[in-house]
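As provided, work-v5.txt (compact mmCIF, C-alpha atoms) reads as follows.
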```txt
# COMPACT_ATOMS: atom_id res chain seq x y z
CA MET Q 1 16.11 26.42 57.94
CA GLU Q 2 19.31 24.51 58.35
CA ARG Q 3 18.28 21.93 55.80
CA ASN Q 4 17.70 24.59 53.19
CA GLN Q 5 21.14 26.03 53.80
CA SER Q 6 22.80 22.69 53.38
CA LEU Q 7 21.01 22.32 50.08
CA GLY Q 8 22.33 25.68 48.99
CA GLU Q 9 18.86 27.10 48.57
CA SER Q 10 18.80 30.82 47.93
CA VAL Q 11 16.06 33.00 46.57
CA ASP Q 12 17.97 33.71 43.36
CA ASP Q 13 18.74 30.06 42.80
CA ALA Q 14 15.14 29.10 43.38
CA LYS Q 15 13.98 31.75 40.90
CA LEU Q 16 16.43 30.68 38.23
CA LEU Q 17 15.49 27.04 38.70
CA ARG Q 18 11.83 27.94 38.32
CA ARG Q 19 12.61 29.72 35.06
CA ILE Q 20 14.40 26.62 33.82
CA GLY Q 21 11.33 24.59 34.70
CA LYS Q 22 9.10 26.96 32.75
CA MET Q 23 11.47 26.95 29.82
CA LEU Q 24 11.51 23.15 29.72
CA ASP Q 25 7.72 23.09 29.89
CA GLU Q 26 7.87 25.15 26.73
CA VAL Q 27 10.73 23.38 24.96
CA ASP Q 28 10.27 19.79 26.08
CA PRO Q 29 6.85 19.38 27.66
CA VAL Q 30 5.50 15.97 28.60
CA PRO Q 31 3.70 14.99 25.39
CA GLY Q 32 -0.08 14.66 25.62
CA ASP Q 33 -0.06 11.00 24.61
CA VAL Q 34 2.50 10.24 27.32
CA LEU Q 35 0.22 11.81 29.91
CA ALA Q 36 -2.76 9.91 28.51
CA ALA Q 37 -0.82 6.62 28.67
CA ALA Q 38 0.14 7.33 32.28
CA ARG Q 39 -3.49 7.97 33.20
CA SER Q 40 -4.76 4.85 31.47
CA ALA Q 41 -2.08 2.69 33.13
CA PHE Q 42 -4.49 2.69 36.07
CA ALA Q 43 -6.88 0.43 34.15
CA TRP Q 44 -4.33 -2.38 34.56
CA ARG Q 45 -4.75 -2.31 38.29
CA ASP Q 46 -5.53 -5.79 39.48
CA LEU Q 47 -6.66 -5.87 43.07
CA ASP Q 48 -7.45 -9.55 43.27
CA ALA Q 49 -4.23 -10.89 41.88
CA GLN Q 50 -1.14 -11.83 43.81
CA LEU Q 51 1.91 -10.14 42.27
CA ALA Q 52 4.75 -12.43 41.18
CA ARG Q 53 7.91 -10.35 41.29
CA LEU Q 54 10.80 -10.70 38.91
CA VAL Q 55 13.55 -12.13 41.10
CA ASP Q 56 16.08 -13.10 38.47
CA ALA Q 57 16.81 -12.21 34.87
CA GLU Q 58 19.67 -13.92 33.19
CA GLN Q 59 20.94 -13.22 29.72
CA LEU Q 60 22.20 -16.43 28.17
CA VAL Q 61 25.08 -15.94 25.82
CA GLY Q 62 27.71 -18.03 24.13
CA SER Q 63 25.49 -20.61 22.56
CA ALA Q 64 26.66 -20.90 18.98
CA THR Q 65 23.34 -22.17 17.71
CA ARG Q 66 21.61 -19.08 18.99
CA ALA Q 67 24.23 -16.64 17.90
CA HIS Q 68 21.71 -14.43 16.20
CA GLY Q 69 18.93 -14.67 18.73
CA GLU Q 70 18.27 -13.21 22.15
CA HIS Q 71 17.87 -15.76 24.87
CA ARG Q 72 16.91 -14.97 28.46
CA LEU Q 73 15.80 -16.72 31.59
CA LEU Q 74 13.29 -14.89 33.78
CA THR Q 75 12.13 -16.03 37.18
CA PHE Q 76 9.11 -14.62 38.99
CA GLU Q 77 8.02 -15.44 42.51
CA ALA Q 78 4.80 -14.99 44.40
CA PRO Q 79 4.02 -16.58 47.76
CA GLY Q 80 3.61 -20.27 46.97
CA VAL Q 81 4.39 -20.19 43.28
CA THR Q 82 7.36 -19.69 40.98
CA VAL Q 83 7.09 -18.86 37.29
CA ALA Q 84 10.20 -19.60 35.25
CA ILE Q 85 10.36 -18.43 31.67
CA GLU Q 86 12.82 -18.92 28.89
CA ALA Q 87 12.37 -16.08 26.41
CA THR Q 88 13.81 -16.28 22.94
CA GLU Q 89 13.79 -13.82 20.12
CA ILE Q 90 14.90 -15.11 16.79
CA ASN Q 91 14.55 -12.96 13.71
CA GLY Q 92 12.19 -10.69 15.58
CA ALA Q 93 9.83 -13.49 16.62
CA ARG Q 94 9.39 -13.74 20.37
CA LYS Q 95 8.59 -17.00 22.06
CA LEU Q 96 8.19 -18.01 25.69
CA ILE Q 97 8.67 -21.46 27.15
CA GLY Q 98 7.76 -21.57 30.79
CA GLN Q 99 7.02 -23.65 33.82
CA LEU Q 100 4.86 -23.06 36.85
CA VAL Q 101 6.06 -24.59 40.10
CA PRO Q 102 4.03 -26.12 41.60
CA SER Q 103 1.90 -27.12 38.64
CA GLY Q 104 -1.84 -26.74 38.92
CA PRO Q 105 -3.29 -24.11 36.60
CA HIS Q 106 -4.67 -25.51 33.36
CA HIS Q 107 -3.78 -22.50 31.32
CA VAL Q 108 -1.87 -19.22 31.39
CA ALA Q 109 -2.83 -15.93 29.79
CA LEU Q 110 -0.39 -13.41 28.41
CA GLU Q 111 -1.40 -9.76 28.45
CA SER Q 112 0.29 -7.01 26.48
CA ALA Q 113 0.39 -3.45 27.79
CA ALA Q 114 -0.07 -2.26 24.22
CA GLN Q 115 -3.26 -4.26 23.73
CA ALA Q 116 -5.71 -3.75 26.56
CA GLY Q 117 -8.56 -6.21 26.76
CA GLN Q 118 -6.88 -8.95 24.76
CA SER Q 119 -4.83 -11.88 25.88
CA LEU Q 120 -2.94 -14.79 24.44
CA ASN Q 121 -3.78 -18.13 26.06
CA ALA Q 122 -1.80 -21.31 26.30
CA PRO Q 123 -2.53 -24.69 27.92
CA VAL Q 124 -0.36 -25.84 30.82
CA ASP Q 125 0.57 -29.53 31.03
CA HIS Q 126 0.59 -31.68 34.16
CA LEU Q 127 4.19 -30.67 34.88
CA GLY Q 128 3.32 -27.01 34.70
CA ARG Q 129 4.93 -26.41 31.34
CA PHE Q 130 3.59 -24.09 28.67
CA THR Q 131 4.64 -22.46 25.42
CA LEU Q 132 3.60 -19.11 24.00
CA SER Q 133 4.60 -18.09 20.51
CA SER Q 134 3.95 -14.83 18.68
CA VAL Q 135 4.57 -12.87 21.86
CA PRO Q 136 4.13 -9.16 21.13
CA ALA Q 137 7.04 -6.78 21.59
CA GLY Q 138 6.99 -4.43 24.55
CA LEU Q 139 5.69 -5.04 28.03
CA VAL Q 140 3.82 -8.26 28.72
CA ARG Q 141 2.75 -10.16 31.82
CA LEU Q 142 1.46 -13.64 32.57
CA LYS Q 143 -1.63 -14.50 34.52
CA CYS Q 144 -2.92 -17.75 35.88
CA VAL Q 145 -5.35 -19.06 38.47
CA MET Q 146 -4.07 -21.51 41.07
CA PRO Q 147 -6.23 -24.52 42.04
CA ASP Q 148 -7.27 -22.77 45.27
CA GLY Q 149 -8.62 -19.87 43.22
CA THR Q 150 -5.74 -17.46 43.86
CA GLN Q 151 -4.97 -15.33 40.84
CA VAL Q 152 -1.31 -14.76 40.15
CA VAL Q 153 0.04 -12.09 37.84
CA THR Q 154 3.69 -11.45 37.03
CA GLU Q 155 5.28 -8.03 36.95
CA TRP Q 156 5.39 -6.39 33.55
CA VAL Q 157 8.42 -7.41 31.61
CA ASP Q 158 9.82 -6.69 28.20
CA THR Q 159 10.80 -10.17 27.07
CA MET L 1 -14.17 10.88 32.23
CA THR L 2 -16.60 10.74 35.12
CA HIS L 3 -18.34 7.59 34.02
CA ARG L 4 -14.98 5.97 33.47
CA VAL L 5 -14.01 6.72 37.03
CA ASP L 6 -17.23 5.18 38.20
CA THR L 7 -16.79 1.98 36.23
CA LEU L 8 -13.37 1.53 37.79
CA PHE L 9 -14.72 1.68 41.29
CA ARG L 10 -15.34 -1.63 42.87
CA ALA L 11 -18.05 -2.36 45.36
CA ASP L 12 -15.58 -2.99 48.16
CA CYS L 13 -13.88 0.37 47.73
CA GLU L 14 -17.03 2.36 47.78
CA VAL L 15 -17.43 1.44 51.41
CA SER L 16 -14.04 2.74 52.45
CA THR L 17 -13.70 5.84 50.29
CA GLY L 18 -17.18 6.53 49.07
CA LYS L 19 -17.79 7.38 45.48
CA GLY L 20 -17.98 11.02 46.31
CA THR L 21 -14.60 11.27 48.01
CA ALA L 22 -13.42 14.59 46.71
CA VAL L 23 -9.85 14.89 45.57
CA ASP L 24 -8.36 17.89 43.82
CA GLU L 25 -5.05 19.62 43.14
CA GLN L 26 -4.80 20.58 46.80
CA THR L 27 -5.13 17.03 48.09
CA SER L 28 -1.94 15.75 49.70
CA THR L 29 0.09 13.14 47.86
CA GLU L 30 -0.45 10.81 50.77
CA ALA L 31 -4.23 11.09 50.48
CA LEU L 32 -4.06 10.70 46.70
CA LEU L 33 -2.00 7.54 47.08
CA ALA L 34 -4.48 6.13 49.56
CA ALA L 35 -7.44 6.96 47.31
CA ALA L 36 -5.73 5.55 44.21
CA ALA L 37 -4.84 2.38 46.08
CA VAL L 38 -8.54 1.68 46.56
CA GLY L 39 -9.47 2.45 42.99
CA ASN L 40 -10.01 6.19 42.65
CA GLN L 41 -9.06 7.03 39.07
CA GLN L 42 -9.31 10.75 39.69
CA ALA L 43 -6.76 10.51 42.48
CA TRP L 44 -4.52 8.56 40.11
CA ASP L 45 -4.90 11.22 37.42
CA LEU L 46 -3.88 13.87 39.94
CA LEU L 47 -0.79 11.86 40.89
CA VAL L 48 0.09 11.65 37.21
CA ALA L 49 -0.41 15.39 36.85
CA ARG L 50 1.81 15.99 39.86
CA TYR L 51 4.70 13.68 38.98
CA ALA L 52 4.63 13.23 35.18
CA ARG L 53 7.17 16.03 34.73
CA LEU L 54 9.57 14.39 37.18
CA VAL L 55 9.37 11.03 35.38
CA TRP L 56 9.71 12.69 31.99
CA SER L 57 12.62 14.88 33.05
CA ILE L 58 14.59 11.91 34.34
CA ALA L 59 14.00 9.84 31.21
CA ARG L 60 15.00 12.81 29.05
CA SER L 61 18.03 13.57 31.20
CA PHE L 62 19.29 10.14 30.14
CA ARG L 63 19.19 11.59 26.63
CA LEU L 64 16.49 9.21 25.57
CA PRO L 65 14.70 10.18 22.38
CA GLU L 66 11.04 11.01 22.77
CA ALA L 67 9.74 7.55 21.77
CA ASP L 68 12.01 5.79 24.29
CA ALA L 69 11.22 8.31 27.00
CA ALA L 70 7.54 7.66 26.32
CA ASP L 71 8.08 3.90 26.80
CA VAL L 72 10.03 4.46 29.99
CA SER L 73 7.31 6.72 31.31
CA GLN L 74 4.57 4.20 30.59
CA THR L 75 6.56 1.39 32.19
CA THR L 76 7.18 3.50 35.29
CA TRP L 77 3.49 4.29 35.71
CA LEU L 78 2.50 0.66 35.12
CA ARG L 79 4.95 -0.36 37.83
CA LEU L 80 3.44 2.16 40.19
CA VAL L 81 0.02 0.62 39.52
CA GLU L 82 1.50 -2.77 40.48
CA HIS L 83 3.02 -1.41 43.66
CA LEU L 84 0.41 1.13 44.71
CA GLY L 85 -0.44 -0.69 47.89
CA SER L 86 3.13 -0.71 49.15
CA ILE L 87 3.92 3.01 48.86
CA LYS L 88 2.45 5.17 51.55
CA ASP L 89 4.91 7.92 52.34
CA PRO L 90 4.59 10.78 49.82
CA ASP L 91 8.31 11.55 50.06
CA ARG L 92 9.07 8.01 49.13
CA LEU L 93 6.86 8.31 46.06
CA ALA L 94 9.13 10.89 44.37
CA GLY L 95 12.15 8.73 45.16
CA TRP L 96 10.41 5.57 44.06
CA LEU L 97 9.37 7.11 40.75
CA ALA L 98 12.86 8.52 40.20
CA THR L 99 14.50 5.17 40.99
CA THR L 100 12.14 3.28 38.72
CA THR L 101 12.51 5.77 35.86
CA ARG L 102 16.28 5.64 36.20
CA ARG L 103 16.33 1.84 36.15
CA GLU L 104 14.03 1.63 33.14
CA SER L 105 16.03 4.33 31.31
CA ILE L 106 19.27 2.43 31.88
CA GLY L 107 17.53 -0.72 30.66
CA VAL L 108 16.62 1.01 27.41
CA LEU L 109 20.17 2.32 26.97
CA ARG L 110 21.58 -1.16 27.55
CA ARG L 111 19.24 -2.66 25.00
CA ARG L 112 20.38 0.00 22.58
CA ASP L 113 24.00 -0.63 23.49
CA ARG L 114 24.40 2.98 24.36
CA GLU L 115 26.56 4.46 27.02
CA VAL L 116 24.94 5.23 30.33
CA PRO L 117 25.76 8.90 30.84
CA ILE L 118 25.40 11.61 33.42
CA PHE L 119 25.07 12.08 37.09
CA ASP L 120 28.44 10.77 38.08
CA GLY L 121 30.06 12.12 34.94
CA PRO L 122 32.42 15.08 34.58
CA GLU L 123 31.23 18.60 35.03
CA GLU L 124 33.20 20.07 32.14
CA GLU L 125 31.25 21.68 29.41
CA ASP L 126 30.99 19.33 26.50
CA GLU L 127 30.58 19.54 22.77
CA ASP L 128 27.11 19.22 21.42
CA ASP L 129 27.09 15.98 19.46
CA GLY L 130 23.69 16.57 17.93
CA GLN L 131 22.38 13.37 19.55
CA ASP L 132 20.89 15.20 22.41
CA PRO L 133 17.12 15.46 22.52
CA GLU L 134 17.72 18.95 23.83
CA SER L 135 19.46 20.07 20.68
CA GLN L 136 16.55 21.55 18.91
CA THR L 137 15.68 25.02 17.88
CA ILE L 138 13.36 27.01 19.99
CA ALA L 139 10.65 28.93 18.35
CA ARG L 140 9.94 30.97 21.42
CA ASP L 141 12.25 33.94 21.75
CA GLU L 142 11.29 34.32 25.37
CA TYR L 143 13.56 31.49 26.38
CA ARG L 144 16.17 31.63 23.64
CA GLU L 145 18.83 33.31 25.71
CA LEU L 146 18.26 31.02 28.67
CA TRP L 147 18.14 28.01 26.40
CA ASP L 148 21.41 28.85 24.67
CA ALA L 149 23.09 29.30 28.03
CA PHE L 150 21.53 26.09 29.35
CA ALA L 151 22.53 24.08 26.28
CA GLY L 152 26.15 25.11 26.80
CA LEU L 153 26.33 23.59 30.27
CA SER L 154 27.88 20.21 30.97
CA GLU L 155 25.66 17.21 30.53
CA LYS L 156 25.77 16.61 34.25
CA CYS L 157 24.58 20.14 35.00
CA ARG L 158 21.83 20.02 32.39
CA ALA L 159 20.59 16.70 33.72
CA LEU L 160 20.69 17.81 37.34
CA LEU L 161 19.01 21.19 36.76
CA ARG L 162 16.39 19.60 34.54
CA VAL L 163 15.39 17.15 37.23
CA LEU L 164 15.63 19.60 40.13
CA SER L 165 13.53 22.17 38.29
CA VAL L 166 10.56 19.82 38.70
CA THR L 167 11.45 18.55 42.16
CA PRO L 168 10.10 20.15 45.30
CA LEU L 169 12.81 20.98 47.81
CA GLU L 170 11.52 18.49 50.35
CA SER L 171 12.09 15.65 47.89
CA TYR L 172 15.72 16.51 47.12
CA ALA L 173 17.17 13.87 49.40
CA GLN L 174 14.97 11.17 47.89
CA ILE L 175 15.79 12.23 44.36
CA ALA L 176 19.52 12.41 45.12
CA ALA L 177 19.45 8.87 46.49
CA ALA L 178 17.45 7.68 43.49
CA LEU L 179 19.96 9.19 41.09
CA ARG L 180 22.90 7.76 43.06
CA MET L 181 24.18 11.19 44.01
CA PRO L 182 25.55 11.80 47.48
CA VAL L 183 22.85 13.80 49.24
CA GLY L 184 25.46 16.24 50.51
CA SER L 185 26.70 17.04 47.01
CA ILE L 186 23.37 17.89 45.43
CA GLY L 187 23.12 21.39 46.94
CA PRO L 188 26.69 22.50 46.13
CA THR L 189 26.53 20.98 42.63
CA ARG L 190 23.24 22.70 41.99
CA ALA L 191 24.70 26.03 43.13
CA ARG L 192 27.75 25.55 40.92
CA CYS L 193 25.65 24.65 37.87
CA LEU L 194 23.38 27.65 38.43
CA ASP L 195 26.44 29.92 38.75
CA GLN L 196 27.78 28.60 35.47
CA LEU L 197 24.42 29.26 33.88
CA ARG L 198 24.38 32.79 35.26
CA SER L 199 27.82 33.60 33.93
CA ARG L 200 26.79 32.30 30.52
CA LEU L 201 23.69 34.46 30.65
CA ALA L 202 25.81 37.49 31.49
CA THR L 203 28.09 37.19 28.47
```
For this file, produce the structure as structure tokens.
Amino acid sequence: MERNQSLGESVDDAKLLRRIGKMLDEVDPVPGDVLAAARSAFAWRDLDAQLARLVDAEQLVGSATRAHGEHRLLTFEAPGVTVAIEATEINGARKLIGQLVPSGPHHVALESAAQAGQSLNAPVDHLGRFTLSSVPAGLVRLKCVMPDGTQVVTEWVDT
Amino acid sequence: MTHRVDTLFRADCEVSTGKGTAVDEQTSTEALLAAAAVGNQQAWDLLVARYARLVWSIARSFRLPEADAADVSQTTWLRLVEHLGSIKDPDRLAGWLATTTRRESIGVLRRRDREVPIFDGPEEEDEDDGQDPESQTIARDEYRELWDAFAGLSEKCRALLRVLSVTPLESYAQIAAALRMPVGSIGPTRARCLDQLRSRLAT
């Protein structure tokens, strides 16, 4: 096959590559807990929710008062709704201040990939603003229900 | 496991796939994707079994320590759950996973303020700086010779061979694109790296 030739495939090369694969399976196999985590990721599947994709992530720097803290702006978009979040981390404490545009939902829930089945809830004011403190490290996502009943969930993000 | 699969099924999927839809190791990636997209945990588990080595090999080829590679792997699989509905073509799946793993790996390196190494790096053989997750002793004598030869290759060669050793030939183009390698260079580079490995094995 022409394609195989262009890829330099030869029987010897294929054999040697297979041996490397076997060796790596021995030396550096995918750990069992990594496989288990990959399988259980499926439990986070959320058919009914509209996915809000991360469209912008901006690292804010240069603010003297926040010299020792991380400070980021994250923007998520789903059809009909934008979720803007300002994430701060000061002395290891993570906090989110956000706004839903348009406003509507009365509260948002924050889920952590490390803690299935639990969520952190915060009220949303009439302008769509909310605050979440004690945000866990690692991947989190926000969920809310729009007035028309549509569920919106953001992509996972490490704030 | 079985009851878990059942609880994850939703009423609306049972109509389209049926609870008894049989999937196994022989099922095509395309069919597994379709079944997973409507809630079949077993199909998902088979996808994980099929591609976990690819995801892991890419994370490790960025010289991520095991804990970071584990995080990258979990993130990649969570992202696939999010995007399951939008990936149909099985060839695209390997590329999509490779792209996502690469992006997440680079993200971890940036957060750690570490250099982003490899695929476009030099091909010269480099000194072992002891940072490499690959620098560990092998208990198994069976692979010692091969391992010693492999460990002496350039970082670029080790990374490329590691990833290609778990990549089916038909996915090469996708993987090359995902790793930002010119598709035309992947074959020749692979041949060169394998030749270097062979000459090291011979000495």
Per residue of chain L within 8 Å of chain Q, what are the shortest atom pair and its distance in Å to one decimal, counting only C-alpha atoms, with rows by chain and residue number, as a tab-separated table?
```
residue	atom	partner	partner_atom	distance
L:Leu8	CA	Q:Ala43	CA	7.5
L:Gln41	CA	Q:Phe42	CA	7.0
L:Trp44	CA	Q:Arg39	CA	7.0
L:Asp45	CA	Q:Arg39	CA	5.5
L:Val48	CA	Q:Arg39	CA	6.5
L:Ala49	CA	Q:Leu35	CA	7.8
L:Ala52	CA	Q:Leu35	CA	7.0
L:Arg53	CA	Q:Val30	CA	6.4
L:Trp56	CA	Q:Val30	CA	6.3
L:Ala70	CA	Q:Val34	CA	5.7
L:Ser73	CA	Q:Val34	CA	7.2
L:Gln74	CA	Q:Ala38	CA	5.7
L:Thr75	CA	Q:Leu139	CA	7.7
L:Trp77	CA	Q:Ala38	CA	5.7
L:Leu78	CA	Q:Ala41	CA	5.4
L:Arg79	CA	Q:Trp156	CA	7.4
L:Val81	CA	Q:Arg45	CA	5.7
L:Glu82	CA	Q:Arg45	CA	6.6
L:Glu134	CA	Q:Asp28	CA	7.8
L:Ile138	CA	Q:Val27	CA	6.7
L:Tyr143	CA	Q:Met23	CA	6.1
L:Leu146	CA	Q:Ile20	CA	7.8
L:Trp147	CA	Q:Met23	CA	7.6
L:Leu161	CA	Q:Leu17	CA	7.1
L:Arg162	CA	Q:Gly21	CA	7.1
L:Leu164	CA	Q:Leu17	CA	7.6
L:Ser165	CA	Q:Gly21	CA	4.9
L:Val166	CA	Q:Gly21	CA	6.3
L:Gly184	CA	Q:Ser6	CA	7.5
L:Ile186	CA	Q:Leu7	CA	6.8
L:Gly187	CA	Q:Leu7	CA	3.9
L:Pro188	CA	Q:Gly8	CA	6.1
L:Arg190	CA	Q:Gly8	CA	7.7
L:Ala191	CA	Q:Gly8	CA	6.3
L:Leu194	CA	Q:Asp13	CA	6.8
```
Write the residues of the selection above to a file with C-alpha atoms, as an mmCIF file, in the frame of the given file.
```cif
data_model
loop_
_atom_site.group_PDB
_atom_site.id
_atom_site.type_symbol
_atom_site.label_atom_id
_atom_site.label_comp_id
_atom_site.auth_asym_id
_atom_site.auth_seq_id
_atom_site.Cartn_x
_atom_site.Cartn_y
_atom_site.Cartn_z
ATOM 1 C CA LEU L 8 -13.370 1.530 37.790
ATOM 2 C CA GLN L 41 -9.060 7.030 39.070
ATOM 3 C CA TRP L 44 -4.520 8.560 40.110
ATOM 4 C CA ASP L 45 -4.900 11.220 37.420
ATOM 5 C CA VAL L 48 0.090 11.650 37.210
ATOM 6 C CA ALA L 49 -0.410 15.390 36.850
ATOM 7 C CA ALA L 52 4.630 13.230 35.180
ATOM 8 C CA ARG L 53 7.170 16.030 34.730
ATOM 9 C CA TRP L 56 9.710 12.690 31.990
ATOM 10 C CA ALA L 70 7.540 7.660 26.320
ATOM 11 C CA SER L 73 7.310 6.720 31.310
ATOM 12 C CA GLN L 74 4.570 4.200 30.590
ATOM 13 C CA THR L 75 6.560 1.390 32.190
ATOM 14 C CA TRP L 77 3.490 4.290 35.710
ATOM 15 C CA LEU L 78 2.500 0.660 35.120
ATOM 16 C CA ARG L 79 4.950 -0.360 37.830
ATOM 17 C CA VAL L 81 0.020 0.620 39.520
ATOM 18 C CA GLU L 82 1.500 -2.770 40.480
ATOM 19 C CA GLU L 134 17.720 18.950 23.830
ATOM 20 C CA ILE L 138 13.360 27.010 19.990
ATOM 21 C CA TYR L 143 13.560 31.490 26.380
ATOM 22 C CA LEU L 146 18.260 31.020 28.670
ATOM 23 C CA TRP L 147 18.140 28.010 26.400
ATOM 24 C CA LEU L 161 19.010 21.190 36.760
ATOM 25 C CA ARG L 162 16.390 19.600 34.540
ATOM 26 C CA LEU L 164 15.630 19.600 40.130
ATOM 27 C CA SER L 165 13.530 22.170 38.290
ATOM 28 C CA VAL L 166 10.560 19.820 38.700
ATOM 29 C CA GLY L 184 25.460 16.240 50.510
ATOM 30 C CA ILE L 186 23.370 17.890 45.430
ATOM 31 C CA GLY L 187 23.120 21.390 46.940
ATOM 32 C CA PRO L 188 26.690 22.500 46.130
ATOM 33 C CA ARG L 190 23.240 22.700 41.990
ATOM 34 C CA ALA L 191 24.700 26.030 43.130
ATOM 35 C CA LEU L 194 23.380 27.650 38.430
#
```
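The space between CA of Pro182 in chain L and CA of Arg63 in chain L spans 21.8 Å.
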* What does the distance from CA of Thr75 in chain Q to CA of Glu58 in chain Q come to in Å, to one decimal? ->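 Between CA of Thr75 in chain Q and CA of Glu58 in chain Q the gap is 8.8 Å.
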* In Å, rounded to a single decimal, give me how far CA of Ile58 in chain L is from CA of Arg102 in chain L. => 6.8 Å
* **Using only C-alpha atoms: which of L:Gly95, L:Pro90, L:Pro65, L:Pro168 has the shortest distance to Val108 in chain L** => L:Pro65
* Write out as a list in words which residues come within 8 Å of Leu160 in chain L when counting all atoms listed in the file, dropping same-chain ones fewer than 3 positions away. => Ser61, Phe119, Lys156, Cys157, Val163, Leu164 and Arg190 of chain L
Asp148 in chain Q surroundings by all atoms listed in the file, 12 Å radius, close-in-sequence under 5 positions cut, as a PDB file with C-alpha atoms, in the coordinates of the input:
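To be explicit, this is the file written out as part-v1.pdb:
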```pdb
ATOM      1  CA  GLY Q  80       3.610 -20.270  46.970  1.00  0.00           C
ATOM      2  CA  GLY Q 104      -1.840 -26.740  38.920  1.00  0.00           C
ATOM      3  CA  PRO Q 105      -3.290 -24.110  36.600  1.00  0.00           C
TER       4      PRO Q 105
END
```
* **Selection: 12 Å around His126 in chain Q, all atoms listed in the file, excl. self and same-chain fewer than 6 positions, as number ranges by chain** => Q: 99-107
* **Nearby residues (only C-alpha atoms) at most 7 Å from range 19-35 of chain L, same-chain spacing under 3 positions excluded, as a ChimeraX atom specification** => /L:14,38-40,43-44,46-47,88-90
Given the selection you just returned, output its residues as a file containing C-alpha atoms, formatted as an mmCIF file, in the frame of the given file.
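Generated file (part35.cif):
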```cif
data_model
loop_
_atom_site.group_PDB
_atom_site.id
_atom_site.type_symbol
_atom_site.label_atom_id
_atom_site.label_comp_id
_atom_site.auth_asym_id
_atom_site.auth_seq_id
_atom_site.Cartn_x
_atom_site.Cartn_y
_atom_site.Cartn_z
ATOM 1 C CA GLU L 14 -17.030 2.360 47.780
ATOM 2 C CA VAL L 38 -8.540 1.680 46.560
ATOM 3 C CA GLY L 39 -9.470 2.450 42.990
ATOM 4 C CA ASN L 40 -10.010 6.190 42.650
ATOM 5 C CA ALA L 43 -6.760 10.510 42.480
ATOM 6 C CA TRP L 44 -4.520 8.560 40.110
ATOM 7 C CA LEU L 46 -3.880 13.870 39.940
ATOM 8 C CA LEU L 47 -0.790 11.860 40.890
ATOM 9 C CA LYS L 88 2.450 5.170 51.550
ATOM 10 C CA ASP L 89 4.910 7.920 52.340
ATOM 11 C CA PRO L 90 4.590 10.780 49.820
#
```
* Asked: Of the candidates L:Gln196, L:Ser154, L:Gln42, L:Ser105, which one gets nearest to Thr76 in chain L if we count all atoms listed in the file?
  ->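 Ranked by minimum distance to Thr76 in chain L, first place goes to L:Ser105.
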